[in-house]
$ cat structure33.pdb   # PDB, C-alpha atoms and all ligand atoms
ATOM      1  CA  LEU F   1     108.393 125.885  84.437  1.00  0.00           C
ATOM      2  CA  LYS F   2     108.958 122.127  84.772  1.00  0.00           C
ATOM      3  CA  HIS F   3     112.640 122.648  84.207  1.00  0.00           C
ATOM      4  CA  LEU F   4     112.693 125.324  86.853  1.00  0.00           C
ATOM      5  CA  HIS F   5     110.990 123.031  89.378  1.00  0.00           C
ATOM      6  CA  ARG F   6     113.346 120.192  88.559  1.00  0.00           C
ATOM      7  CA  TYR F   7     116.236 122.561  89.015  1.00  0.00           C
ATOM      8  CA  GLN F   8     114.859 123.721  92.347  1.00  0.00           C
ATOM      9  CA  VAL F   9     114.428 120.158  93.633  1.00  0.00           C
ATOM     10  CA  GLN F  10     117.995 119.371  92.617  1.00  0.00           C
ATOM     11  CA  ASN F  11     119.146 122.360  94.557  1.00  0.00           C
ATOM     12  CA  LEU F  12     117.178 121.959  97.757  1.00  0.00           C
ATOM     13  CA  GLU F  13     119.873 121.302 100.296  1.00  0.00           C
ATOM     14  CA  LYS F  14     119.910 120.531 103.958  1.00  0.00           C
ATOM     15  CA  ALA F  15     122.143 118.595 106.283  1.00  0.00           C
ATOM     16  CA  GLY F  16     122.127 117.720 109.937  1.00  0.00           C
ATOM     17  CA  ILE F  17     122.227 115.100 112.641  1.00  0.00           C
ATOM     18  CA  LEU F  18     119.097 112.963 112.967  1.00  0.00           C
ATOM     19  CA  ASN F  19     118.147 109.683 114.561  1.00  0.00           C
ATOM     20  CA  LYS F  20     116.705 107.193 112.132  1.00  0.00           C
ATOM     21  CA  THR F  21     115.507 103.646 112.002  1.00  0.00           C
ATOM     22  CA  LYS F  22     114.010 101.439 109.370  1.00  0.00           C
ATOM     23  CA  VAL F  23     110.638 100.041 110.476  1.00  0.00           C
ATOM     24  CA  SER F  24     109.447  98.000 107.548  1.00  0.00           C
ATOM     25  CA  GLU F  25     110.342  96.681 104.147  1.00  0.00           C
ATOM     26  CA  ASN F  26     107.803  95.484 101.579  1.00  0.00           C
ATOM     27  CA  GLY F  27     105.080  95.639 104.196  1.00  0.00           C
ATOM     28  CA  LYS F  28     107.050  93.449 106.586  1.00  0.00           C
ATOM     29  CA  LYS F  29     107.997  94.887 109.968  1.00  0.00           C
ATOM     30  CA  VAL F  30     111.689  94.874 110.791  1.00  0.00           C
ATOM     31  CA  ARG F  31     113.226  95.312 114.213  1.00  0.00           C
ATOM     32  CA  LYS F  32     113.976  98.941 114.984  1.00  0.00           C
ATOM     33  CA  ASN F  33     117.575  99.954 115.242  1.00  0.00           C
ATOM     34  CA  TRP F  34     117.784 103.647 116.084  1.00  0.00           C
ATOM     35  CA  THR F  35     121.068 105.154 115.005  1.00  0.00           C
ATOM     36  CA  GLN F  36     122.324 108.682 114.825  1.00  0.00           C
ATOM     37  CA  THR F  37     123.230 109.728 111.303  1.00  0.00           C
ATOM     38  CA  TRP F  38     124.509 112.746 109.480  1.00  0.00           C
ATOM     39  CA  THR F  39     121.670 113.242 107.026  1.00  0.00           C
ATOM     40  CA  VAL F  40     122.137 115.144 103.794  1.00  0.00           C
ATOM     41  CA  LEU F  41     119.385 116.240 101.428  1.00  0.00           C
ATOM     42  CA  HIS F  42     120.679 117.075  97.996  1.00  0.00           C
ATOM     43  CA  GLY F  43     119.569 116.460  94.441  1.00  0.00           C
ATOM     44  CA  GLY F  44     116.240 114.979  95.534  1.00  0.00           C
ATOM     45  CA  VAL F  45     117.906 112.206  97.521  1.00  0.00           C
ATOM     46  CA  LEU F  46     118.512 111.749 101.214  1.00  0.00           C
ATOM     47  CA  THR F  47     121.860 110.289 102.195  1.00  0.00           C
ATOM     48  CA  PHE F  48     122.549 108.887 105.647  1.00  0.00           C
ATOM     49  CA  HIS F  49     126.184 109.039 106.743  1.00  0.00           C
ATOM     50  CA  LYS F  50     127.685 107.760 109.975  1.00  0.00           C
ATOM     51  CA  ASP F  51     129.200 111.180 110.611  1.00  0.00           C
ATOM     52  CA  PRO F  52     129.887 114.391 108.675  1.00  0.00           C
ATOM     53  CA  LYS F  53     133.415 113.291 107.795  1.00  0.00           C
ATOM     54  CA  SER F  54     132.605 109.812 106.557  1.00  0.00           C
ATOM     55  CA  THR F  55     132.951 109.254 102.848  1.00  0.00           C
ATOM     56  CA  ALA F  56     130.156 108.196 100.539  1.00  0.00           C
ATOM     57  CA  THR F  57     130.990 104.529 101.081  1.00  0.00           C
ATOM     58  CA  GLY F  58     128.700 102.841 103.521  1.00  0.00           C
ATOM     59  CA  ALA F  59     126.155 105.611 103.327  1.00  0.00           C
ATOM     60  CA  SER F  60     122.611 104.661 102.492  1.00  0.00           C
ATOM     61  CA  VAL F  61     120.744 106.658  99.894  1.00  0.00           C
ATOM     62  CA  LEU F  62     116.999 107.214  99.634  1.00  0.00           C
ATOM     63  CA  ASP F  63     115.348 108.542  96.520  1.00  0.00           C
ATOM     64  CA  LEU F  64     112.651 110.954  97.593  1.00  0.00           C
ATOM     65  CA  LYS F  65     110.829 110.864  94.308  1.00  0.00           C
ATOM     66  CA  GLY F  66     107.466 109.283  95.035  1.00  0.00           C
ATOM     67  CA  ALA F  67     108.211 109.178  98.764  1.00  0.00           C
ATOM     68  CA  THR F  68     105.794 110.410 101.392  1.00  0.00           C
ATOM     69  CA  ILE F  69     106.745 112.056 104.651  1.00  0.00           C
ATOM     70  CA  CYS F  70     104.373 112.827 107.487  1.00  0.00           C
ATOM     71  CA  TRP F  71     104.312 113.223 111.253  1.00  0.00           C
ATOM     72  CA  ALA F  72     104.302 109.776 112.820  1.00  0.00           C
ATOM     73  CA  THR F  73     101.353 108.856 115.004  1.00  0.00           C
ATOM     74  CA  LYS F  74     102.003 108.075 118.684  1.00  0.00           C
ATOM     75  CA  ASP F  75     101.737 104.326 118.156  1.00  0.00           C
ATOM     76  CA  LYS F  76     104.785 104.352 115.866  1.00  0.00           C
ATOM     77  CA  SER F  77     107.235 105.376 118.554  1.00  0.00           C
ATOM     78  CA  SER F  78     107.444 106.518 122.140  1.00  0.00           C
ATOM     79  CA  LYS F  79     109.893 109.217 121.059  1.00  0.00           C
ATOM     80  CA  LYS F  80     108.875 112.801 120.377  1.00  0.00           C
ATOM     81  CA  ASN F  81     109.207 114.733 117.112  1.00  0.00           C
ATOM     82  CA  VAL F  82     109.064 111.721 114.831  1.00  0.00           C
ATOM     83  CA  LEU F  83     108.616 111.885 111.079  1.00  0.00           C
ATOM     84  CA  GLU F  84     107.582 108.864 109.049  1.00  0.00           C
ATOM     85  CA  LEU F  85     109.117 108.425 105.640  1.00  0.00           C
ATOM     86  CA  LYS F  86     107.849 105.910 103.091  1.00  0.00           C
ATOM     87  CA  THR F  87     109.765 105.430  99.892  1.00  0.00           C
ATOM     88  CA  LYS F  88     108.214 104.572  96.551  1.00  0.00           C
ATOM     89  CA  ASN F  89     109.570 101.014  96.868  1.00  0.00           C
ATOM     90  CA  ALA F  90     107.786 100.470 100.198  1.00  0.00           C
ATOM     91  CA  VAL F  91     110.558 100.954 102.701  1.00  0.00           C
ATOM     92  CA  GLU F  92     109.448 102.760 105.828  1.00  0.00           C
ATOM     93  CA  PHE F  93     111.722 104.806 108.076  1.00  0.00           C
ATOM     94  CA  LEU F  94     111.271 106.929 111.141  1.00  0.00           C
ATOM     95  CA  ILE F  95     113.432 109.992 111.616  1.00  0.00           C
ATOM     96  CA  GLN F  96     113.533 111.802 114.906  1.00  0.00           C
ATOM     97  CA  TYR F  97     115.312 114.406 116.956  1.00  0.00           C
ATOM     98  CA  ASP F  98     114.594 115.618 120.478  1.00  0.00           C
ATOM     99  CA  THR F  99     115.012 119.280 119.534  1.00  0.00           C
ATOM    100  CA  GLU F 100     111.680 120.177 117.973  1.00  0.00           C
ATOM    101  CA  SER F 101     112.945 123.038 115.781  1.00  0.00           C
ATOM    102  CA  ILE F 102     115.337 120.682 114.002  1.00  0.00           C
ATOM    103  CA  ILE F 103     112.588 118.287 112.989  1.00  0.00           C
ATOM    104  CA  VAL F 104     110.249 121.145 112.101  1.00  0.00           C
ATOM    105  CA  ASP F 105     112.940 122.475 109.737  1.00  0.00           C
ATOM    106  CA  TRP F 106     113.196 119.087 108.016  1.00  0.00           C
ATOM    107  CA  HIS F 107     109.425 118.942 107.767  1.00  0.00           C
ATOM    108  CA  ARG F 108     109.386 122.412 106.187  1.00  0.00           C
ATOM    109  CA  GLN F 109     111.965 121.247 103.668  1.00  0.00           C
ATOM    110  CA  LYS F 110     109.733 118.306 102.849  1.00  0.00           C
ATOM    111  CA  ILE F 111     106.786 120.594 102.131  1.00  0.00           C
ATOM    112  CA  LYS F 112     108.913 122.652  99.740  1.00  0.00           C
ATOM    113  CA  MET F 113     110.138 119.503  98.051  1.00  0.00           C
ATOM    114  CA  GLU F 114     106.645 118.024  97.672  1.00  0.00           C
ATOM    115  CA  ALA F 115     105.297 121.229  96.202  1.00  0.00           C
ATOM    116  CA  LEU F 116     108.060 121.152  93.625  1.00  0.00           C
ATOM    117  CA  LEU F 117     107.826 117.406  92.900  1.00  0.00           C
ATOM    118  CA  GLU F 118     104.126 117.760  92.165  1.00  0.00           C
ATOM    119  CA  ASN F 119     104.949 120.032  89.290  1.00  0.00           C
ATOM    120  CA  ILE F 120     107.622 117.956  87.645  1.00  0.00           C
TER
HETATM  121  O1  LIG C 201     108.154  99.959 118.482  1.00  0.00           O
HETATM  122  P1  LIG C 201     108.998  99.127 119.401  1.00  0.00           P
HETATM  123  O2  LIG C 201     109.268  97.776 118.856  1.00  0.00           O
HETATM  124  O3  LIG C 201     108.522  99.144 120.800  1.00  0.00           O
HETATM  125  O4  LIG C 201     110.423  99.805 119.378  1.00  0.00           O
HETATM  126  C1  LIG C 201     111.350  99.851 120.415  1.00  0.00           C
HETATM  127  C2  LIG C 201     112.312  98.706 120.301  1.00  0.00           C
HETATM  128  O5  LIG C 201     112.830  98.603 118.995  1.00  0.00           O
HETATM  129  C3  LIG C 201     113.474  98.859 121.246  1.00  0.00           C
HETATM  130  O6  LIG C 201     114.449  97.864 121.040  1.00  0.00           O
HETATM  131  P2  LIG C 201     114.284  96.314 121.309  1.00  0.00           P
HETATM  132  O7  LIG C 201     114.102  95.770 119.932  1.00  0.00           O
HETATM  133  O8  LIG C 201     115.559  95.864 121.937  1.00  0.00           O
HETATM  134  O9  LIG C 201     113.082  96.131 122.168  1.00  0.00           O
HETATM  135  C4  LIG C 201     114.167 100.196 121.078  1.00  0.00           C
HETATM  136  O10 LIG C 201     115.199 100.314 122.016  1.00  0.00           O
HETATM  137  C5  LIG C 201     113.179 101.330 121.229  1.00  0.00           C
HETATM  138  O11 LIG C 201     113.848 102.542 121.026  1.00  0.00           O
HETATM  139  C6  LIG C 201     112.020 101.182 120.286  1.00  0.00           C
HETATM  140  O12 LIG C 201     110.990 102.092 120.519  1.00  0.00           O
HETATM  141  P3  LIG C 201     110.846 103.627 120.279  1.00  0.00           P
HETATM  142  O13 LIG C 201     109.549 103.927 120.965  1.00  0.00           O
HETATM  143  O14 LIG C 201     112.014 104.277 120.916  1.00  0.00           O
HETATM  144  O15 LIG C 201     110.752 103.957 118.816  1.00  0.00           O
END
$ encode --input "structure33.pdb" --output "structure tokens"
Amino acid sequence: LKHLHRYQVQNLEKAGILNKTKVSENGKKVRKNWTQTWTVLHGGVLTFHKDPKSTATGASVLDLKGATICWATKDKSSKKNVLELKTKNAVEFLIQYDTESIIVDWHRQKIKMEALLENI
């Protein structure tokens, strides 16, 4: 069963345009810099690309193992539909998109992923 779950995490895939910004690193706040990125979920990692055609170089990669993702509280941002992502090594990001269904889909993906990661 573990193998199956690992396999399923590896094969959870999603891609789309999102706005993202880092908000803190090692508990220290950093200045927000919202940028639009082509975000790809594959193999249990999230990769942020400048655009769908850009190559792997320059893309930032986030390991989702041990990461938590939740809806951001209102004090985190004035934007709507904001998810808060904290990596295992204490880097905090916000991801956001004005179209609610797009963010809800990412959130749904996160729930699937968490359910699987719990069983690994
Ligand atoms: O949480 P903050 O610091 O109010 O975030 C806003 C700022 O980062 C702002 O840029 P300046 O650093 O030039 O003030 C951004 O333009 C805003 O988008 C940030 O707030 P939101 O509420 O959009 O996350």
$ atom_distance --input "structure33.pdb" --atom1 "atom CA of F:Val45" --atom2 "atom CA of F:Thr21"
17.0 Å
$ atom_distance --input "structure33.pdb" --atom1 "atom CA of F:Lys22" --atom2 "atom CA of F:Lys112"
23.8 Å
$ axis_aligned_box --input "structure33.pdb" --around "ligand LIG 201 (chain C)" --padding-each-side "3 Å" --output "lines of an AutoDock Vina configuration file"
center_x = 111.9
center_y = 100.0
center_z = 120.3
size_x = 13.4
size_y = 14.5
size_z = 9.7
$ resolve_selection --input "structure33.pdb" --expression "the PyMOL selection byres (((chain F and resi 17) around 8) and not hetatm)" --output "list in words"
Ala15, Gly16, Leu18, Asn19, Gln36, Thr37, Trp38 and Thr39 of chain F
$ residues_near_ligand --input "structure33.pdb" --ligand "ligand LIG 201 (chain C)" --cutoff "9 Å" --atoms "only C-alpha atoms and all ligand atoms" --output "list in words"
Thr21, Val23, Val30, Arg31, Lys32, Asn33, Trp34, Lys74, Asp75, Lys76, Ser77, Ser78, Lys79, Lys80, Val82 and Leu94 of chain F
$ atom_distance --input "structure33.pdb" --atom1 "atom CA of F:Glu118" --atom2 "atom CA of F:Glu92"
21.0 Å
$ residues_near_point --input "structure33.pdb" --point "(119.3, 122.6, 91.6)" --cutoff "12 Å" --atoms "all atoms listed in the file" --output "ChimeraX atom specification"
/F:3-13,41-44,113,116
$ residues_near_point --input "structure33.pdb" --point "(121.1, 105.1, 104.6)" --cutoff "7 Å" --atoms "all atoms listed in the file" --output "MDAnalysis selection string"
chainID F and resid 47:49 59:62
$ residues_around --input "structure33.pdb" --residues "F:Lys88" --least-positions-apart "5" --cutoff "12 Å" --atoms "all atoms listed in the file" --output "VMD selection string"
chain F and resid 25 to 26 62 to 69
$ write_last_selection --input "structure33.pdb" --atoms "C-alpha atoms" --output "PDB file, in the frame of the given file"
ATOM      1  CA  GLU F  25     110.342  96.681 104.147  1.00  0.00           C
ATOM      2  CA  ASN F  26     107.803  95.484 101.579  1.00  0.00           C
ATOM      3  CA  LEU F  62     116.999 107.214  99.634  1.00  0.00           C
ATOM      4  CA  ASP F  63     115.348 108.542  96.520  1.00  0.00           C
ATOM      5  CA  LEU F  64     112.651 110.954  97.593  1.00  0.00           C
ATOM      6  CA  LYS F  65     110.829 110.864  94.308  1.00  0.00           C
ATOM      7  CA  GLY F  66     107.466 109.283  95.035  1.00  0.00           C
ATOM      8  CA  ALA F  67     108.211 109.178  98.764  1.00  0.00           C
ATOM      9  CA  THR F  68     105.794 110.410 101.392  1.00  0.00           C
ATOM     10  CA  ILE F  69     106.745 112.056 104.651  1.00  0.00           C
TER      11      ILE F  69
END
$ closest_residue --input "structure33.pdb" --among "F:Lys20, F:Thr35, F:Trp71, F:Lys29" --to "F:Ile111" --atoms "all atoms listed in the file"
F:Trp71
$ decode --input "structure33.pdb" --residues "stretch 73-98 of chain F" --atoms "N, CA and C atoms" --output "JSON list (two decimals), in the first residue's frame"
[["chain", "number", "residue", "atom", "x", "y", "z"],
["F", 73, "THR", "N", -5.30, 33.57, 6.27],
["F", 73, "THR", "CA", -6.23, 34.44, 6.98],
["F", 73, "THR", "C", -6.14, 35.84, 6.36],
["F", 74, "LYS", "N", -7.17, 36.65, 6.61],
["F", 74, "LYS", "CA", -7.30, 37.97, 5.98],
["F", 74, "LYS", "C", -6.11, 38.90, 6.24],
["F", 75, "ASP", "N", -5.46, 38.70, 7.39],
["F", 75, "ASP", "CA", -4.35, 39.59, 7.73],
["F", 75, "ASP", "C", -3.09, 39.32, 6.89],
["F", 76, "LYS", "N", -3.08, 38.20, 6.18],
["F", 76, "LYS", "CA", -1.90, 37.84, 5.40],
["F", 76, "LYS", "C", -1.81, 38.60, 4.08],
["F", 77, "SER", "N", -3.00, 38.96, 3.57],
["F", 77, "SER", "CA", -3.03, 39.64, 2.28],
["F", 77, "SER", "C", -4.39, 40.28, 2.06],
["F", 78, "SER", "N", -4.39, 41.36, 1.30],
["F", 78, "SER", "CA", -5.67, 42.00, 0.97],
["F", 78, "SER", "C", -6.29, 41.33, -0.24],
["F", 79, "LYS", "N", -5.56, 40.42, -0.86],
["F", 79, "LYS", "CA", -6.09, 39.75, -2.06],
["F", 79, "LYS", "C", -7.07, 38.66, -1.65],
["F", 80, "LYS", "N", -7.88, 38.24, -2.63],
["F", 80, "LYS", "CA", -8.82, 37.15, -2.35],
["F", 80, "LYS", "C", -8.25, 35.83, -2.85],
["F", 81, "ASN", "N", -8.81, 34.74, -2.34],
["F", 81, "ASN", "CA", -8.41, 33.38, -2.76],
["F", 81, "ASN", "C", -6.92, 33.14, -2.57],
["F", 82, "VAL", "N", -6.47, 33.28, -1.34],
["F", 82, "VAL", "CA", -5.04, 33.14, -1.06],
["F", 82, "VAL", "C", -4.77, 31.86, -0.26],
["F", 83, "LEU", "N", -3.85, 31.09, -0.74],
["F", 83, "LEU", "CA", -3.40, 29.90, 0.00],
["F", 83, "LEU", "C", -2.02, 30.18, 0.59],
["F", 84, "GLU", "N", -1.80, 29.64, 1.78],
["F", 84, "GLU", "CA", -0.52, 29.83, 2.46],
["F", 84, "GLU", "C", 0.21, 28.50, 2.45],
["F", 85, "LEU", "N", 1.44, 28.54, 2.02],
["F", 85, "LEU", "CA", 2.22, 27.32, 1.88],
["F", 85, "LEU", "C", 3.50, 27.44, 2.71],
["F", 86, "LYS", "N", 3.68, 26.50, 3.64],
["F", 86, "LYS", "CA", 4.89, 26.52, 4.46],
["F", 86, "LYS", "C", 5.67, 25.25, 4.19],
["F", 87, "THR", "N", 6.92, 25.42, 3.81],
["F", 87, "THR", "CA", 7.72, 24.23, 3.52],
["F", 87, "THR", "C", 8.33, 23.70, 4.81],
["F", 88, "LYS", "N", 8.85, 22.49, 4.72],
["F", 88, "LYS", "CA", 9.45, 21.84, 5.88],
["F", 88, "LYS", "C", 10.63, 22.67, 6.41],
["F", 89, "ASN", "N", 11.36, 23.33, 5.48],
["F", 89, "ASN", "CA", 12.50, 24.15, 5.93],
["F", 89, "ASN", "C", 12.13, 25.62, 6.15],
["F", 90, "ALA", "N", 10.87, 25.82, 6.62],
["F", 90, "ALA", "CA", 10.42, 27.12, 7.12],
["F", 90, "ALA", "C", 10.48, 28.27, 6.12],
["F", 91, "VAL", "N", 10.11, 28.00, 4.89],
["F", 91, "VAL", "CA", 9.91, 29.08, 3.95],
["F", 91, "VAL", "C", 8.41, 29.18, 3.71],
["F", 92, "GLU", "N", 7.91, 30.41, 3.77],
["F", 92, "GLU", "CA", 6.48, 30.63, 3.68],
["F", 92, "GLU", "C", 6.12, 31.39, 2.41],
["F", 93, "PHE", "N", 5.18, 30.85, 1.66],
["F", 93, "PHE", "CA", 4.73, 31.49, 0.42],
["F", 93, "PHE", "C", 3.24, 31.73, 0.47],
["F", 94, "LEU", "N", 2.79, 32.70, -0.30],
["F", 94, "LEU", "CA", 1.37, 32.84, -0.56],
["F", 94, "LEU", "C", 1.16, 32.56, -2.03],
["F", 95, "ILE", "N", 0.13, 31.81, -2.36],
["F", 95, "ILE", "CA", -0.25, 31.66, -3.76],
["F", 95, "ILE", "C", -1.71, 32.09, -3.91],
["F", 96, "GLN", "N", -1.99, 32.70, -5.02],
["F", 96, "GLN", "CA", -3.27, 33.40, -5.16],
["F", 96, "GLN", "C", -3.70, 33.46, -6.61],
["F", 97, "TYR", "N", -5.01, 33.48, -6.81],
["F", 97, "TYR", "CA", -5.53, 33.77, -8.14],
["F", 97, "TYR", "C", -6.94, 34.32, -7.99],
["F", 98, "ASP", "N", -7.27, 35.34, -8.77],
["F", 98, "ASP", "CA", -8.57, 35.99, -8.62],
["F", 98, "ASP", "C", -9.75, 35.06, -8.93]]
